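Notes to accompany the following structure.
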Amino acid sequence: MAGDFEELWESFDRTPDRILVDVPIGLFDEDDDETGERGRRCDTLARNALGSRSASVFTPPARQAAVRARDGKSHEDVSETNRDIVGKGLSIQAYHIAPGIAQMDSFLNSGNEAEMERRRERVEEAHPEVCFVAFNGGELEHPKTSAVGLGERLSVLENVADDPAKTFREITRELAEHEDEGDVTDVTADDVLDALALALTASANEDELRTIPENPPKDQRRLPMQMVYRAESPLEVSR
């Protein structure tokens, strides 16, 4: 992802004001003072917010475990590295997304100090399902992979956008054109929904943007362990 994201970043004529990514950013590290079993508070709060859909929030790897996954190490090896740092192994789902996490971490820790700060000010973590819950003002009923769930989420997007179904159709048509040219593959309907949710969150005014937790801790490299969402008032989650 960092290679692709780096290319995307460099392709902008103007630096975007904000980009939200469904990629864990603040990570535990082997150099942390804290040891033993632990997890990110933002992941716990996100699961609380999602209720019955809490399984969509994966526990991310520690930084060095993510790097080993990016370097092609086995799940067993990466899981053991993770256990050494945070006191528990790594799920197979988290293992498969770990290379992208390591690459995003590299992107946010690259460049001179000014460039690194510019990247960090604009690129933040969000979780699409948390964004949908915030738009809806509460838990959703149906999984996003079902036709009913897709319709439910498009309806929820109407709370923050004009005719999101039209935008959804336009995006899928454009994807079809690029797919015919071989530029895009394996993009699902719920991928498009997720991207819309993050884009509509990123476009909010500053006074509508919130984070879980409200006062996020920072990791060893000063990256916040947080998720951004859009709402007039804070989500009802355990603090």
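Naming works like this for the structure tokens: A, B, ... for the chains as they're shown, residue 1 at the start of each chain, ligands 1 onward in shown order.
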
What's around A:Glu6 at 12 Å? Count only C-alpha atoms, leave out sequence neighbours fewer than 4 positions away in its own chain, and write the answer as number ranges by chain.
A: 1-2, 10-12, 103-111, 119, 123

Keeping N, CA and C atoms for every residue in the selection just given, could you write it to a file as a compact mmCIF listing (two decimals), in the first residue's frame?
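Result went into part.txt, see below:
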```txt
# COMPACT_ATOMS: atom_id res chain seq x y z
N MET A 1 0.82 -1.20 0.00
CA MET A 1 0.00 0.00 0.00
C MET A 1 0.85 1.25 0.00
N ALA A 2 1.96 1.26 0.74
CA ALA A 2 2.74 2.49 0.79
C ALA A 2 3.24 2.87 -0.58
N GLU A 10 1.78 11.48 -4.47
CA GLU A 10 2.57 12.31 -5.38
C GLU A 10 1.78 12.73 -6.61
N SER A 11 0.68 12.05 -6.89
CA SER A 11 -0.10 12.37 -8.10
C SER A 11 -1.02 13.57 -7.93
N PHE A 12 -1.26 13.99 -6.68
CA PHE A 12 -2.17 15.10 -6.45
C PHE A 12 -1.57 16.42 -6.94
N GLN A 103 3.34 -0.88 5.40
CA GLN A 103 3.64 0.05 4.31
C GLN A 103 3.07 1.44 4.59
N MET A 104 1.87 1.51 5.16
CA MET A 104 1.32 2.81 5.54
C MET A 104 2.15 3.44 6.65
N ASP A 105 2.60 2.63 7.60
CA ASP A 105 3.45 3.12 8.68
C ASP A 105 4.74 3.71 8.11
N SER A 106 5.29 3.04 7.11
CA SER A 106 6.50 3.54 6.46
C SER A 106 6.23 4.88 5.77
N PHE A 107 5.09 4.99 5.10
CA PHE A 107 4.72 6.24 4.42
C PHE A 107 4.65 7.40 5.42
N LEU A 108 4.07 7.15 6.57
CA LEU A 108 3.88 8.21 7.57
C LEU A 108 5.16 8.53 8.35
N ASN A 109 6.17 7.71 8.17
CA ASN A 109 7.44 7.93 8.85
C ASN A 109 8.57 8.22 7.86
N SER A 110 8.20 8.64 6.64
CA SER A 110 9.18 8.89 5.58
C SER A 110 9.27 10.38 5.26
N GLY A 111 10.37 10.76 4.65
CA GLY A 111 10.58 12.15 4.24
C GLY A 111 11.25 12.96 5.33
N ARG A 119 2.28 14.91 5.97
CA ARG A 119 1.57 13.65 5.76
C ARG A 119 0.71 13.30 6.97
N VAL A 123 -3.34 12.56 6.76
CA VAL A 123 -3.73 11.14 6.63
C VAL A 123 -4.05 10.59 8.01
```

Name the residues of stretch 63-121 of chain A that fall into helix (DSSP H, G or I) according to DSSP on the backbone, using the chain letters and numbers of this document, as a ChimeraX atom specification.
/A:63-70,75-86,92-108,113-121

Could you dump the residues just selected with C-alpha atoms as a tab-separated table (two decimals), in the first residue's frame?
```
chain	number	residue	atom	x	y	z
A	63	ARG	CA	4.90	-2.54	14.38
A	64	GLN	CA	7.72	-5.09	14.15
A	65	ALA	CA	5.24	-7.93	13.53
A	66	ALA	CA	3.71	-5.95	10.65
A	67	VAL	CA	7.17	-5.42	9.16
A	68	ARG	CA	7.91	-9.14	9.31
A	69	ALA	CA	4.61	-9.87	7.54
A	70	ARG	CA	5.50	-7.32	4.86
A	75	HIS	CA	1.92	-16.41	10.02
A	76	GLU	CA	3.51	-18.48	12.80
A	77	ASP	CA	6.64	-16.30	12.81
A	78	VAL	CA	4.70	-13.03	12.72
A	79	SER	CA	2.31	-14.21	15.42
A	80	GLU	CA	5.22	-15.11	17.69
A	81	THR	CA	6.80	-11.68	17.16
A	82	ASN	CA	3.48	-10.09	18.02
A	83	ARG	CA	3.17	-12.22	21.16
A	84	ASP	CA	6.61	-11.09	22.31
A	85	ILE	CA	5.52	-7.44	22.07
A	86	VAL	CA	1.84	-7.33	23.10
A	92	ILE	CA	-4.87	-14.93	10.24
A	93	GLN	CA	-7.09	-12.04	9.08
A	94	ALA	CA	-4.80	-9.48	10.71
A	95	TYR	CA	-1.76	-11.30	9.29
A	96	HIS	CA	-3.06	-10.85	5.75
A	97	ILE	CA	-3.59	-7.09	6.16
A	98	ALA	CA	-0.34	-6.58	8.11
A	99	PRO	CA	1.84	-5.84	5.03
A	100	GLY	CA	-0.42	-2.92	4.13
A	101	ILE	CA	-0.23	-1.66	7.72
A	102	ALA	CA	3.57	-1.77	7.63
A	103	GLN	CA	3.64	0.05	4.31
A	104	MET	CA	1.32	2.81	5.54
A	105	ASP	CA	3.45	3.12	8.68
A	106	SER	CA	6.50	3.54	6.46
A	107	PHE	CA	4.72	6.24	4.42
A	108	LEU	CA	3.88	8.21	7.57
A	113	GLU	CA	10.55	16.44	9.18
A	114	ALA	CA	8.35	18.96	7.34
A	115	GLU	CA	7.12	16.41	4.81
A	116	MET	CA	6.48	13.82	7.50
A	117	GLU	CA	4.42	16.34	9.48
A	118	ARG	CA	2.47	17.28	6.35
A	119	ARG	CA	1.57	13.65	5.76
A	120	ARG	CA	0.57	13.06	9.36
A	121	GLU	CA	-1.62	16.16	9.48
```

Shell around A:Cys42 at 8 Å using only C-alpha atoms, local window under 3 positions removed, as JSON, numbers by chain:
{"A": [45, 46, 212, 213, 216, 225, 226, 227]}

Selection from above, C-alpha atoms, as a compact mmCIF listing (two decimals), in the first residue's frame, can you write it?
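Now in part_6.txt:
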```txt
# COMPACT_ATOMS: atom_id res chain seq x y z
CA LEU A 45 -14.33 1.50 21.68
CA ALA A 46 -15.02 0.79 18.01
CA ILE A 212 -12.39 7.57 19.56
CA PRO A 213 -11.02 7.86 22.12
CA PRO A 216 -6.04 9.48 21.97
CA MET A 225 -4.06 5.54 18.24
CA GLN A 226 -7.47 6.79 17.16
CA MET A 227 -10.33 6.48 14.69
```

Nearest residue to A:Leu90 from the set A:Ala195, A:Ala62, A:Ala161, A:Leu235 (distances using only C-alpha atoms):
A:Ala62

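Atom pair atom CA of A:Glu30 / atom CA of A:Glu124: separated by 22.7 Å.
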
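Nearest residue to A:Asn48 among A:Glu170, A:Glu236, A:Glu152, A:Glu7 is A:Glu236, counting only C-alpha atoms.
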
Counting only C-alpha atoms, what is within 8 Å of A:Pro143, bar same-chain residues fewer than 6 positions away, as a ChimeraX atom specification?
/A:53,149-150

May I have the residues from that selection written out with C-alpha atoms, as a PDB file, in the first residue's frame?
```pdb
ATOM      1  CA  ARG A  53     -20.882  -6.215  14.167  1.00  0.00           C
ATOM      2  CA  GLY A 149     -27.225  -4.077   4.158  1.00  0.00           C
ATOM      3  CA  LEU A 150     -26.074  -2.219   1.054  1.00  0.00           C
TER       4      LEU A 150
END
```

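With only C-alpha atoms as the basis for measurement, A:Arg122 is the residue among A:Asp180, A:Arg122, A:Ser233, A:Asp186 that approaches A:Thr15 most closely.
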
Please report, as a VMD selection string, each residue of chain A to which DSSP assigns strand (DSSP E or B) when run on this structure's backbone.
chain A and resid 19 to 21 123 to 125 209 to 212 218 224 227 to 230

Nearest residue to A:Gly39 out of A:Gly137, A:Pro61, A:Pro234, A:Gly51, using only C-alpha atoms?
A:Pro61

Shortest contact to A:Thr172, candidates A:Asn159, A:Leu20, A:Leu193, A:Cys131, atoms counted only C-alpha atoms, goes to A:Leu193
